[in-house]
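Read the structure below first, then the notes.
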Amino acid sequence: MNYNYALFCRGFVFSDKKIESPKEDWKNFSFEYCNKTYSLWYDSKNQFSYKREDDNMCLIMGYAMDTIDWHMEIDLICKNLINNLKKSLNNFYEYIDNLNGRFIIIYGHNQNLYALNDATAMRSVYYHEKECIIASHYEIIAGLTKDANHPFYEIYNKIQKNRPWTLPGDLTPYKNIKILLANHEIDLQKLNIRRFYPRENHKETTLDEILTILPNHLKNQMITLAKYTTPIISTTAGNDSKLTISACKEIKDKCVFFTFVNESPNLKDYNQFNRFKDYNYAKKISEVYNLNFKTLKLKHSLNDEMLKIVKRNHYHQHIPGVIQEYLNELPNGIHVQSNLIEIIRDLTYVYPKPPKHNSPQEIMSGWMMYWSIRHEIKDIINDFWKRNQWDEIFDYERVRLFYWEQRMSAWNNAATLLENDWAFNTYMLLNCRKLLEFGFCEPKIIRDKNLIVKLTTKKLWPELLYYIENSEDSLFDLYKIDKFNEIRLKNNITFNTNSNNKIFKIIGLYETTFGFDKKYIKKDDYCELKVNKEVIDKEYIQININVLPNMLIEKSCLYVYIKINENEIYSEDITNLINNPLIINKKLDLDKFDSLIIGMKCINEINSEEYGNYAVLNIGYINLSGQKYTNIISL
């Protein structure tokens with residue numbers, strides 16, 4: 001069988017020279033700009049539109065969704081792009097920030113010509129550093145330029161244990177060919193790249209504000225997508241997958257859901273065990289809600305001819321064995337993945353966390369799984385750092401933005417999507433800068449608790465939270481069922497602080513987390529929680545206090561205190577509470593009782609690390625009793 005249709009599927013190539021098409025059935029489009037003729041070859045599976053008005057021109061190829069007016073009409077989107085470009089470059093970028101999809105945009109403005117792609121570079125774009133040629137696959141460029149192999153590629157191929165997902169930075173197997181990372185554009189005349197995002201400091205947004213936008217935005221995306229194609233939803237037992245499923249509630253009957261599992265799983269194998277859990281969860285959900293669910297069993301390995309094409313499409317293989325099942329079992333449509341959601345929640349480190357005081361370049365080396373040979377790739381990373389303008393990101397956290405731009409662009413959206421392209425196209429709900437901004441708008445503690453994802457799911461389809469195969473929380477945790485004799489904190493507390501702009505709080509009915517945001521906590525900054533005296537009706541009180549185990553505050557910087565009637569009855573260095581919850585018992589004189597205060601105060605300035613330093617206190621519970629407690633500490 002001839003599998004040539006799979007080579008460079010959904011691809012393109014663009015140049016200022018006359019070039020031959022990489023595939024016989026690709027379409028051609030040419031245009032002139034600044035007295036030069038440019039040529040584009042592209043797979044007909046891509047949508048395409050071109051508009052020009054005077055010196056402004058815009059070409060978009062792929063697919064896109066306008067999340068302002070909720071449509072996927074490529075010609076109308078192209079028209080809106082050029083209308084915004086005529087107003088200003090900033091208007092143009094702002095409109096792109098509201099697009100989802102997988103696309104490349106080539107635009108001309110003020111006699112300059114640029115190319116950029118979607119929010120996380122789902123549409124991979126490779127470029128040559130010395131010739132005006134860009135393409136969807138680096139092999140297309142290498143075939144035209146006869147470029148030499150990059151010397152590091154041989155080292156990469158020799159790494160056996162903990163082999164990195166991709167080459168470091170923006171490298172490819174070829175010396176002069178790079179991948180264009182998200183949030184950058186290439187100047188097609190000067191052949192250099194520039195960062196166009198972020199364009200200002202990130203906007204502060206509260207969790208409540210996010211929850212007025214995100215749930216409806218995701219729901220409208222799925223409703224719009226279902227008008228144009230069949231959404232095919234990959235389903236697992238994780239919170240990210242639940243969020244994607246929850247967005248499908250109103251159009252679930254138009255969707256196909258699937259999970260792949262090994263045909264005869266070895267449950268001692270970590271990956272196979274996880275697939276088995278995913279399968280059980282997905283099957284349970286599909287049975288309860290009568291979803292159109294398909295099981296894909298990993299039983300076929302690719303034949304040599306297919307595997308050869310997979311390797312030509314990209315040097316890194318993800319799970320190529322599942323491609324045959326995709327082709328055999330799934331209908332025509334678009335694959336909706338849950339990737340990218342991790343950008344707005346906690347980021348799980350992909351290697352043992354390095355010591356605190358490493359350079360940003362060393363930290364990035366670790367994120368690319370090159371921590372053990374970080375010195376050997378120092379020059380590569382420094383060159384990458386400079387070329388991608390990593391010192392020009394305003395107040396955005398480098399680690400989080402790096403995860404978005406490098407790991408998502410070079411691994412998830414290049415390696416994985418290029419591998420699956422010949423089975424189907426892919427859509428991701430969070431591939432929209434307006435939504436990805438939320439990952440930078442909340443304190444780290446909110447992301448660590450995964451509140452945005454869980455509470456969005458709760459708003460869209462709360463019943464999904466009953467099924468908790470690999471979730472730490474159930475629907476009951478989020479609704480907080482009453483507990484006997486515990487003070488309901490939500491409506492019975494007030495906060496005091498000398499620095500409102502640094503304080504954040506997560507208020508549950510019983511458990512409350514509060515503290516300082518991670519930005520520059522100064523000496524004598526304090527924040528405290530005050531329990532109203534009206535709710536204290538028992539003479540014995542028990543207070544549970546704890547802090548997060550990965551808190552990075554050093555000793556002698558911050559202390560915790562408890563006051564009754566403004567008199568301090570307890571104080572402790574906050575670091576002594578790490579992995580050591582504090583339970584305090586106290587007998588009260590109700591006739592003289594006026595207030596209970598739990599707080600913390602900074603005694604030495606805290607200049608936080610950007611990848612995880614924050615100071616928060618968790619009030620696990622406050623219990624009342626008519627008789628003496630016998631636990632741990634009595635005061």
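Here, A, B, ... name the chains of the structure tokens in the order displayed, residue numbers run from 1 inside each chain, and ligands are numbered from 1 in the same displayed order.
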Write out as a VMD selection string which residues come within 9 Å of region 416-426 of chain A when counting only C-alpha atoms, dropping same-chain ones fewer than 5 positions away.
chain A and resid 5 to 10 101 to 102 122 to 124 136 to 137 310 to 311 313 to 314 316 to 320 322 to 324 326 to 327 330 332 to 337 411
Counting only C-alpha atoms, the residue of A:Leu99, A:Ile134, A:Leu267, A:Leu451 that sits nearest Asp208 (chain A):
A:Leu451
Sel. of strand (DSSP E or B) residues, region 264-404 of chain A, as an MDAnalysis selection string:
chainID A and resid 293:298 334:337
List as JSON lines every residue of region 411-459 of chain A that is in contact with region 534-550 of chain A, defined as an atom at most 12 Å from one of its atoms (using only C-alpha atoms), together with the nearest atom pair and the distance in Å rounded to one decimal, sorted by chain and then rising number.
```
{"residue": "A:Lys444", "atom": "CA", "partner": "A:Leu548", "partner_atom": "CA", "distance": 11.6}
{"residue": "A:Ile445", "atom": "CA", "partner": "A:Leu548", "partner_atom": "CA", "distance": 9.0}
{"residue": "A:Asp448", "atom": "CA", "partner": "A:Leu548", "partner_atom": "CA", "distance": 9.9}
{"residue": "A:Lys449", "atom": "CA", "partner": "A:Leu548", "partner_atom": "CA", "distance": 10.5}
```
Which polymer residues have any atom within 6 Å of an atom of region 236-248 of chain A, counting only C-alpha atoms, with same-chain residues fewer than 6 positions away left out, as a list in words?
Leu218, Lys219, Met222, Asp278, Tyr281, Ser338, Thr457, Leu460, Trp461, Glu469 and Asn470 of chain A
Grab the residues selected above and save them as an mmCIF file, in the first residue's frame with C-alpha atoms.
```
data_model
loop_
_atom_site.group_PDB
_atom_site.id
_atom_site.type_symbol
_atom_site.label_atom_id
_atom_site.label_comp_id
_atom_site.auth_asym_id
_atom_site.auth_seq_id
_atom_site.Cartn_x
_atom_site.Cartn_y
_atom_site.Cartn_z
ATOM 1 C CA LEU A 218 -15.106 26.941 26.628
ATOM 2 C CA LYS A 219 -18.760 25.998 26.196
ATOM 3 C CA MET A 222 -17.465 23.501 21.635
ATOM 4 C CA ASP A 278 -8.462 6.126 31.931
ATOM 5 C CA TYR A 281 -13.293 6.113 33.925
ATOM 6 C CA SER A 338 -6.933 18.584 26.733
ATOM 7 C CA THR A 457 -15.767 21.958 35.609
ATOM 8 C CA LEU A 460 -20.195 23.410 33.413
ATOM 9 C CA TRP A 461 -20.922 19.807 34.408
ATOM 10 C CA GLU A 469 -10.356 7.900 39.365
ATOM 11 C CA ASN A 470 -7.219 10.017 39.647
#
```
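With distances restricted to only C-alpha atoms, A:Asn56 is the closest residue to Lys87 (chain A) from A:Gly169, A:Arg398, A:Ile210, A:Asn56.
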Extract, using only C-alpha atoms, all DNA, RNA and protein residues at most 12 Å from Lys17 (chain A), discarding same-chain residues fewer than 6 positions from it, and format them as a VMD selection string.
chain A and resid 30 to 32 36 to 41 131 to 134 144 to 145
Output the selection as a short mmCIF file (atom, residue, chain, number, x, y, z; two decimals), in the first residue's frame - C-alpha atoms for each residue.
```cif
data_model
loop_
_atom_site.label_atom_id
_atom_site.label_comp_id
_atom_site.auth_asym_id
_atom_site.auth_seq_id
_atom_site.Cartn_x
_atom_site.Cartn_y
_atom_site.Cartn_z
CA SER A 30 1.77 33.45 -5.43
CA PHE A 31 1.65 37.16 -4.66
CA GLU A 32 3.85 40.22 -4.99
CA LYS A 36 9.26 40.65 -4.89
CA THR A 37 7.25 37.55 -5.79
CA TYR A 38 6.49 35.05 -3.02
CA SER A 39 5.26 31.51 -3.55
CA LEU A 40 3.24 29.23 -1.26
CA TRP A 41 2.60 25.51 -1.73
CA GLU A 131 17.34 31.88 3.18
CA CYS A 132 13.75 33.11 3.01
CA ILE A 133 12.01 29.79 3.34
CA ILE A 134 9.56 28.57 5.98
CA LEU A 144 15.40 22.33 -0.69
CA THR A 145 18.53 23.78 0.92
#
```
With distances taken over only C-alpha atoms, which of A:Cys557, A:Met368, A:Cys58, A:Leu180 is nearest to Asn413 (chain A)?
A:Leu180
Any idea what's packed within 12 Å of Arg447 (chain A), counting only C-alpha atoms, ignoring anything in its chain fewer than 6 positions away? Could you give it as a PDB file with C-alpha atoms, in the first residue's frame?
```
ATOM      1  CA  LEU A 207     -10.607  33.954  40.459  1.00  0.00           C
ATOM      2  CA  ILE A 341      -4.749  23.309  30.327  1.00  0.00           C
ATOM      3  CA  GLU A 342      -1.726  22.764  32.557  1.00  0.00           C
ATOM      4  CA  ILE A 343      -0.583  26.292  31.674  1.00  0.00           C
ATOM      5  CA  ILE A 344      -3.429  27.731  33.796  1.00  0.00           C
ATOM      6  CA  ARG A 345      -2.976  25.301  36.664  1.00  0.00           C
ATOM      7  CA  ASP A 346      -0.005  23.866  38.544  1.00  0.00           C
ATOM      8  CA  LEU A 347       3.016  22.942  36.451  1.00  0.00           C
ATOM      9  CA  THR A 348       4.390  19.551  37.422  1.00  0.00           C
ATOM     10  CA  ARG A 400       5.636  29.336  33.138  1.00  0.00           C
ATOM     11  CA  PHE A 438      -5.287  33.401  33.193  1.00  0.00           C
ATOM     12  CA  GLY A 439      -2.279  31.246  34.020  1.00  0.00           C
ATOM     13  CA  PHE A 440      -0.374  34.401  34.941  1.00  0.00           C
ATOM     14  CA  CYS A 441      -3.147  36.326  36.687  1.00  0.00           C
ATOM     15  CA  VAL A 453      -9.908  23.895  36.387  1.00  0.00           C
ATOM     16  CA  LYS A 454     -12.002  22.305  39.140  1.00  0.00           C
ATOM     17  CA  LEU A 455     -14.400  25.223  39.596  1.00  0.00           C
ATOM     18  CA  ILE A 506      -9.240  31.397  49.170  1.00  0.00           C
ATOM     19  CA  GLY A 612       7.512  28.706  43.548  1.00  0.00           C
TER      20      GLY A 612
END
```
Spatial neighbours of Glu554 (chain A), 9 Å, only C-alpha atoms, chain gap at least 6 places, as a list of chain:residue names
A:Ile574, A:Thr575, A:Ile606
Residues as selected, C-alpha atoms, written as a PDB file, in the first residue's frame, can you do that?
```pdb
ATOM      1  CA  ILE A 574       6.325  29.533  59.686  1.00  0.00           C
ATOM      2  CA  THR A 575       8.989  27.098  58.457  1.00  0.00           C
ATOM      3  CA  ILE A 606      11.276  38.214  51.302  1.00  0.00           C
TER       4      ILE A 606
END
```
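Each of A:Leu429, A:Ile598, A:Met61, A:Ala135 was checked against Leu340 (chain A) using only C-alpha atoms; the smallest atom-to-atom distance is that of A:Leu429.
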Shell around Thr235 (chain A) at 7 Å using only C-alpha atoms, local window under 3 positions removed, as a ChimeraX atom specification
/A:241,257-259,282
Please identify the helix (DSSP H, G or I) residues within region 153-290 of chain A (assignment by DSSP from backbone atoms) and present them as an MDAnalysis selection string.
chainID A and resid 153:158 207:228 239:247 249:254 270:289
